[in-house]
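Enquirer: This is the structure, below, for whatever I ask next.
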Amino acid sequence: MQPFVFSTTSQIVFRPGASAQIGGLVKTKVGDRVLFVTDPGLRALGLCEPALSSLAEAGIRATIFDGVEADPSLTTVEAAVEAAKVAAATGVIGFGGGSSLDVAKVVALLCGSGEDIDSAWGVGNAKGPRLPLVLVPTTAGTGSEVTPVSIITVGGDEKRGVSSPIILPDIAVLDADLTLGLPPAITAATGVDAMVHAIEAYASKNPNNNPLSKMLARQALQLLGANIEKAVFEGRDRAARGAMLLGSMLAGQAFANSPVAAVHALAYPIGGTFHVPHGLSNALVLPHVLRFNAPNAASDYAEIAADAFPDLATEQGVQGRSAAFVERLAELSAKLGLQSRLSDVGIGQEHLPGMARDAMKQTRLLGNNPREVSEEDALSIYKAAW
Ligand SMILES: NC(=O)c1ccc[n+]([C@@H]2O[C@H](COP(=O)([O-])OP(=O)(O)OC[C@H]3O[C@@H](n4cnc5c(N)ncnc54)[C@H](O)[C@@H]3O)[C@@H](O)[C@H]2O)c1
Ligand SMILES: [Fe+2]
């Protein structure tokens, strides 16, 4: 047996309505002054109100920072750190999609340790300690509530990561009722992101790929595959929403310990430069990267094919089942209403070489890919996806 290390969030509360009781859940952890990190859209929807009332009832003063944008920038992180300092925050609560959770993670780190973000980028470079940290996801996608990763956009277009178990939160509060009004397009994109996490974790060549991650990835694909269409087209279905939130968390646990690879590496330049939502960026390159990987990963893809699409169990042979899995993923994205080509999201062909060059900067991820990716390969994949 290969040795491995598996880390995850130490307490996970999974209960519809839990965010309205958050004060009692976090009281002993976060102290009496928290920075509440969220985005303006969620604030306008009123989704934060029950949580804010609950914090007030528990005697916790919340200073709201609602300036997080999609693919959050370093400038936003700096503004949130400043807000936390002014409030003398004793803890941080991230409430939102991956963007808000990722900002909350680095704010807790930078305020707790006083370290500089430039020395924290990369794997295992954060020093800590961090402030107490609680994360409440409102999308079923990134799994950020159980991952040691925060992704921040630097210099307008480069997505950089801080990866360290120090930024795993103390508590994750999963309240699927928060996702009932998530619009279909965001439900589809974030749901595909979660499926990609499970697929890339399962086939990851990272030396820490491990039996727990593989098991979690398969369970995640079963939940996500069976419920994603219902969540997109019948958004108020509580059972489907619960399954998606659980599935995205399990996929997060899987890839937190068996990291993602070339789908994410090639998706980042699409999100960073063209501001295409993260899940959609993944969906656009997914089938093309998996076809490229198939010579080395067909047996992995064949093993998980029927988890996501049970009828593929009858598909004979490793190559056939793997190929059918890839086709079904492409069909699923189309069925969910996601755009399928880079040209559909306004990316001109002239940008592809620059994107291939940028993708090669994601060495942390490319090293996990089942097949080595050169800059020429990345360009061919983008051309196929265009
Ligand atoms: N830390 C990690 O492990 C990890 C993993 C994958 C992706 N990411 C990062 O996460 C970010 C993407 O996060 P995301 O896909 O969750 O989206 P997001 O946080 O950027 O949010 C997208 C939009 O959805 C809206 N929204 C969120 N929840 C809603 C709800 N319940 N109802 C209505 N609207 C809602 C937001 O207001 C926002 O406009 C990217 O920056 C990506 O790089 C991080
Ligand atoms: Fe992702």
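Residues are named by chain letter and number: chains run A, B, ... in the order of the structure tokens, numbers start at 1 in each chain, and ligands are numbered from 1 in the order shown.
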For chain A versus ligand 1, which residues have an atom no more than 6 Å away, and what is each residue's nearest atom pair and distance in Å rounded to one decimal, using only C-alpha atoms and all ligand atoms, chain-then-number order, as JSON lines?
Expert:
```
{"residue": "A:Asp39", "atom": "CA", "partner": "ligand 1", "partner_atom_place_in_ligand_line": "37 (O)", "distance": 5.7}
{"residue": "A:Gly41", "atom": "CA", "partner": "ligand 1", "partner_atom_place_in_ligand_line": "37 (O)", "distance": 4.1}
{"residue": "A:Leu42", "atom": "CA", "partner": "ligand 1", "partner_atom_place_in_ligand_line": "37 (O)", "distance": 4.9}
{"residue": "A:Ala70", "atom": "CA", "partner": "ligand 1", "partner_atom_place_in_ligand_line": "20 (O)", "distance": 3.7}
{"residue": "A:Asp71", "atom": "CA", "partner": "ligand 1", "partner_atom_place_in_ligand_line": "41 (O)", "distance": 3.6}
{"residue": "A:Pro72", "atom": "CA", "partner": "ligand 1", "partner_atom_place_in_ligand_line": "41 (O)", "distance": 5.9}
{"residue": "A:Gly96", "atom": "CA", "partner": "ligand 1", "partner_atom_place_in_ligand_line": "28 (N)", "distance": 5.4}
{"residue": "A:Gly97", "atom": "CA", "partner": "ligand 1", "partner_atom_place_in_ligand_line": "19 (O)", "distance": 3.1}
{"residue": "A:Gly98", "atom": "CA", "partner": "ligand 1", "partner_atom_place_in_ligand_line": "13 (O)", "distance": 3.3}
{"residue": "A:Ser99", "atom": "CA", "partner": "ligand 1", "partner_atom_place_in_ligand_line": "19 (O)", "distance": 3.8}
{"residue": "A:Ser100", "atom": "CA", "partner": "ligand 1", "partner_atom_place_in_ligand_line": "19 (O)", "distance": 5.7}
{"residue": "A:Asp102", "atom": "CA", "partner": "ligand 1", "partner_atom_place_in_ligand_line": "1 (N)", "distance": 5.4}
{"residue": "A:Thr138", "atom": "CA", "partner": "ligand 1", "partner_atom_place_in_ligand_line": "28 (N)", "distance": 4.3}
{"residue": "A:Thr139", "atom": "CA", "partner": "ligand 1", "partner_atom_place_in_ligand_line": "28 (N)", "distance": 4.8}
{"residue": "A:Gly141", "atom": "CA", "partner": "ligand 1", "partner_atom_place_in_ligand_line": "16 (O)", "distance": 5.6}
{"residue": "A:Thr142", "atom": "CA", "partner": "ligand 1", "partner_atom_place_in_ligand_line": "6 (C)", "distance": 4.0}
{"residue": "A:Gly143", "atom": "CA", "partner": "ligand 1", "partner_atom_place_in_ligand_line": "3 (O)", "distance": 5.9}
{"residue": "A:Ser144", "atom": "CA", "partner": "ligand 1", "partner_atom_place_in_ligand_line": "1 (N)", "distance": 4.0}
{"residue": "A:Thr147", "atom": "CA", "partner": "ligand 1", "partner_atom_place_in_ligand_line": "3 (O)", "distance": 4.9}
{"residue": "A:Val149", "atom": "CA", "partner": "ligand 1", "partner_atom_place_in_ligand_line": "1 (N)", "distance": 4.4}
{"residue": "A:Ser150", "atom": "CA", "partner": "ligand 1", "partner_atom_place_in_ligand_line": "1 (N)", "distance": 4.3}
{"residue": "A:Ile151", "atom": "CA", "partner": "ligand 1", "partner_atom_place_in_ligand_line": "43 (O)", "distance": 5.1}
{"residue": "A:Leu178", "atom": "CA", "partner": "ligand 1", "partner_atom_place_in_ligand_line": "31 (N)", "distance": 5.1}
{"residue": "A:Thr179", "atom": "CA", "partner": "ligand 1", "partner_atom_place_in_ligand_line": "31 (N)", "distance": 4.1}
{"residue": "A:Gly181", "atom": "CA", "partner": "ligand 1", "partner_atom_place_in_ligand_line": "32 (N)", "distance": 5.1}
{"residue": "A:Leu182", "atom": "CA", "partner": "ligand 1", "partner_atom_place_in_ligand_line": "32 (N)", "distance": 3.7}
{"residue": "A:Thr190", "atom": "CA", "partner": "ligand 1", "partner_atom_place_in_ligand_line": "15 (O)", "distance": 5.0}
{"residue": "A:His278", "atom": "CA", "partner": "ligand 1", "partner_atom_place_in_ligand_line": "12 (C)", "distance": 5.4}
{"residue": "A:Gly279", "atom": "CA", "partner": "ligand 1", "partner_atom_place_in_ligand_line": "15 (O)", "distance": 5.9}
```
Enquirer: Where does DSSP see alpha helix (DSSP H) in segment 199-228 of chain A, if you list the residues as a PyMOL selection string?
Expert: chain A and resi 199-203+211-228
Enquirer: Would you export the selected residues with C-alpha atoms as a PDB file, in the first residue's frame, please?
Expert:
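Output contents, as saved in part-v6.pdb:
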```pdb
ATOM      1  CA  ILE A 199     -12.887  12.829 -12.127  1.00  0.00           C
ATOM      2  CA  GLU A 200      -9.510  14.560 -11.857  1.00  0.00           C
ATOM      3  CA  ALA A 201      -9.013  13.414  -8.237  1.00  0.00           C
ATOM      4  CA  TYR A 202      -9.751   9.808  -9.187  1.00  0.00           C
ATOM      5  CA  ALA A 203      -7.255   9.758 -12.071  1.00  0.00           C
ATOM      6  CA  PRO A 211      -8.089   5.023  -1.413  1.00  0.00           C
ATOM      7  CA  LEU A 212     -10.178   7.545   0.567  1.00  0.00           C
ATOM      8  CA  SER A 213     -10.061  10.096  -2.245  1.00  0.00           C
ATOM      9  CA  LYS A 214     -10.989   7.423  -4.785  1.00  0.00           C
ATOM     10  CA  MET A 215     -13.940   6.247  -2.703  1.00  0.00           C
ATOM     11  CA  LEU A 216     -15.147   9.806  -2.127  1.00  0.00           C
ATOM     12  CA  ALA A 217     -14.795  10.652  -5.821  1.00  0.00           C
ATOM     13  CA  ARG A 218     -16.988   7.702  -6.812  1.00  0.00           C
ATOM     14  CA  GLN A 219     -19.662   8.523  -4.221  1.00  0.00           C
ATOM     15  CA  ALA A 220     -19.567  12.154  -5.370  1.00  0.00           C
ATOM     16  CA  LEU A 221     -20.062  11.169  -9.014  1.00  0.00           C
ATOM     17  CA  GLN A 222     -23.027   8.989  -8.091  1.00  0.00           C
ATOM     18  CA  LEU A 223     -24.731  11.872  -6.263  1.00  0.00           C
ATOM     19  CA  LEU A 224     -23.833  14.522  -8.829  1.00  0.00           C
ATOM     20  CA  GLY A 225     -24.615  12.402 -11.912  1.00  0.00           C
ATOM     21  CA  ALA A 226     -28.014  11.384 -10.558  1.00  0.00           C
ATOM     22  CA  ASN A 227     -29.086  14.875  -9.474  1.00  0.00           C
ATOM     23  CA  ILE A 228     -27.507  17.543 -11.645  1.00  0.00           C
TER      24      ILE A 228
END
```
Enquirer: Using only C-alpha atoms, which protein or nucleic acid residues come within 12 Å of Gly320 of chain A? Drop anything in the same chain fewer than 6 positions from it, and give the result as a list in words.
Expert: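 Contacts, in chain order: Ala294, Ala298, Ser299, Tyr301, Ala302, Glu303, Ala305, Leu312, Ala313, Thr314, Val326 and Glu327 of chain A.
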Enquirer: Those residues you just picked out, can you put them in a file as a PDB file, in the first residue's frame with N, CA and C atoms?
Expert:
```pdb
ATOM      1  N   ALA A 294      -6.851   9.929 -22.486  1.00  0.00           N
ATOM      2  CA  ALA A 294      -7.351   8.551 -22.554  1.00  0.00           C
ATOM      3  C   ALA A 294      -6.260   7.477 -22.738  1.00  0.00           C
ATOM      4  N   ALA A 298      -7.591   5.604 -19.546  1.00  0.00           N
ATOM      5  CA  ALA A 298      -8.849   4.948 -19.928  1.00  0.00           C
ATOM      6  C   ALA A 298      -9.347   4.001 -18.842  1.00  0.00           C
ATOM      7  N   SER A 299      -8.444   3.295 -18.167  1.00  0.00           N
ATOM      8  CA  SER A 299      -8.934   2.334 -17.163  1.00  0.00           C
ATOM      9  C   SER A 299      -9.585   3.082 -15.991  1.00  0.00           C
ATOM     10  N   TYR A 301     -11.068   6.083 -16.196  1.00  0.00           N
ATOM     11  CA  TYR A 301     -12.345   6.625 -16.679  1.00  0.00           C
ATOM     12  C   TYR A 301     -13.390   5.506 -16.807  1.00  0.00           C
ATOM     13  N   ALA A 302     -12.951   4.342 -17.235  1.00  0.00           N
ATOM     14  CA  ALA A 302     -13.885   3.219 -17.364  1.00  0.00           C
ATOM     15  C   ALA A 302     -14.418   2.801 -15.993  1.00  0.00           C
ATOM     16  N   GLU A 303     -13.559   2.873 -14.970  1.00  0.00           N
ATOM     17  CA  GLU A 303     -14.002   2.474 -13.622  1.00  0.00           C
ATOM     18  C   GLU A 303     -15.094   3.383 -13.075  1.00  0.00           C
ATOM     19  N   ALA A 305     -17.108   5.456 -14.956  1.00  0.00           N
ATOM     20  CA  ALA A 305     -18.126   5.836 -15.956  1.00  0.00           C
ATOM     21  C   ALA A 305     -19.545   5.580 -15.449  1.00  0.00           C
ATOM     22  N   LEU A 312     -23.999   3.099 -18.410  1.00  0.00           N
ATOM     23  CA  LEU A 312     -22.732   2.750 -19.064  1.00  0.00           C
ATOM     24  C   LEU A 312     -22.146   1.452 -18.513  1.00  0.00           C
ATOM     25  N   ALA A 313     -22.785   0.892 -17.485  1.00  0.00           N
ATOM     26  CA  ALA A 313     -22.311  -0.382 -16.920  1.00  0.00           C
ATOM     27  C   ALA A 313     -22.343  -1.494 -17.962  1.00  0.00           C
ATOM     28  N   THR A 314     -23.219  -1.354 -18.944  1.00  0.00           N
ATOM     29  CA  THR A 314     -23.332  -2.412 -19.961  1.00  0.00           C
ATOM     30  C   THR A 314     -22.342  -2.228 -21.107  1.00  0.00           C
ATOM     31  N   VAL A 326     -16.628   9.943 -21.839  1.00  0.00           N
ATOM     32  CA  VAL A 326     -16.245  11.280 -22.296  1.00  0.00           C
ATOM     33  C   VAL A 326     -17.364  11.895 -23.150  1.00  0.00           C
ATOM     34  N   GLU A 327     -17.931  11.076 -24.048  1.00  0.00           N
ATOM     35  CA  GLU A 327     -19.017  11.603 -24.894  1.00  0.00           C
ATOM     36  C   GLU A 327     -20.217  12.012 -24.051  1.00  0.00           C
TER      37      GLU A 327
END
```
Enquirer: So which residues touch Gly242 of chain A within 8 Å, counting only C-alpha atoms, skipping near sequence neighbours fewer than 5 positions away, as number ranges by chain?
Expert: A: 16, 176-177
Enquirer: May I ask for the distance between atom CA of Ala58 of chain A and atom CA of Ser10 of chain A, given in Å to one decimal place?
Expert: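 Calculated distance between atom CA of Ala58 of chain A and atom CA of Ser10 of chain A is 22.0 Å.
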Enquirer: Report the distance between atom CA of Gly317 of chain A and atom CA of Ser204 of chain A in Å, rounded to one decimal place.
Expert: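 Between atom CA of Gly317 of chain A and atom CA of Ser204 of chain A the gap is 21.8 Å.
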Enquirer: A:Val123, A:Ile381, A:Ala194, A:Leu101: which is nearest ligand 2, counting only C-alpha atoms and all ligand atoms?
Expert: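 For ligand 2, the nearest of the given residues is A:Ala194.
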Enquirer: Quick check for you: according to DSSP on this backbone, which residues of segment 40-152 of chain A are classed as strand (DSSP E)? Reply as a PyMOL selection string.
Expert: chain A and resi 61-65+91-96+122-123+133-137+149-152
Enquirer: Considering only C-alpha atoms and all ligand atoms, state which residue in the set A:Phe36, A:Phe325, A:Phe255, A:Phe274 is at the smallest distance from ligand 2.
Expert: A:Phe255
Enquirer: What lies within 7 Å of segment 77-92 of chain A using only C-alpha atoms, ignoring chain neighbours under 3 positions off, as a tab-separated table (two decimals) with C-alpha atoms, in the first residue's frame?
Expert:
```
chain	number	residue	atom	x	y	z
A	30	VAL	CA	-14.88	32.45	16.47
A	31	GLY	CA	-14.83	34.86	19.42
A	32	ASP	CA	-17.19	37.83	19.59
A	33	ARG	CA	-16.15	39.87	16.51
A	34	VAL	CA	-16.21	38.29	13.07
A	35	LEU	CA	-15.55	39.52	9.56
A	36	PHE	CA	-18.42	38.15	7.43
A	63	THR	CA	-18.67	43.31	10.26
A	65	PHE	CA	-17.39	42.72	3.83
A	73	SER	CA	-8.55	39.67	-7.04
A	74	LEU	CA	-5.68	40.35	-4.70
A	103	VAL	CA	-11.16	35.26	0.14
A	104	ALA	CA	-12.22	34.36	3.70
A	107	VAL	CA	-7.99	36.83	5.14
A	108	ALA	CA	-8.00	34.46	8.13
A	111	CYS	CA	-4.72	38.45	9.74
A	131	LEU	CA	-7.80	33.32	12.73
A	132	PRO	CA	-10.69	30.94	13.51
A	133	LEU	CA	-12.49	30.24	10.24
A	134	VAL	CA	-16.00	29.05	9.33
```
Enquirer: Have a look at A:Val196, A:Val232, A:Ala188, A:Val5 and name the one nearest to ligand 2; count only C-alpha atoms and all ligand atoms.
Expert: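 Once distances to ligand 2 are computed over only C-alpha atoms and all ligand atoms, the minimum belongs to A:Val196.
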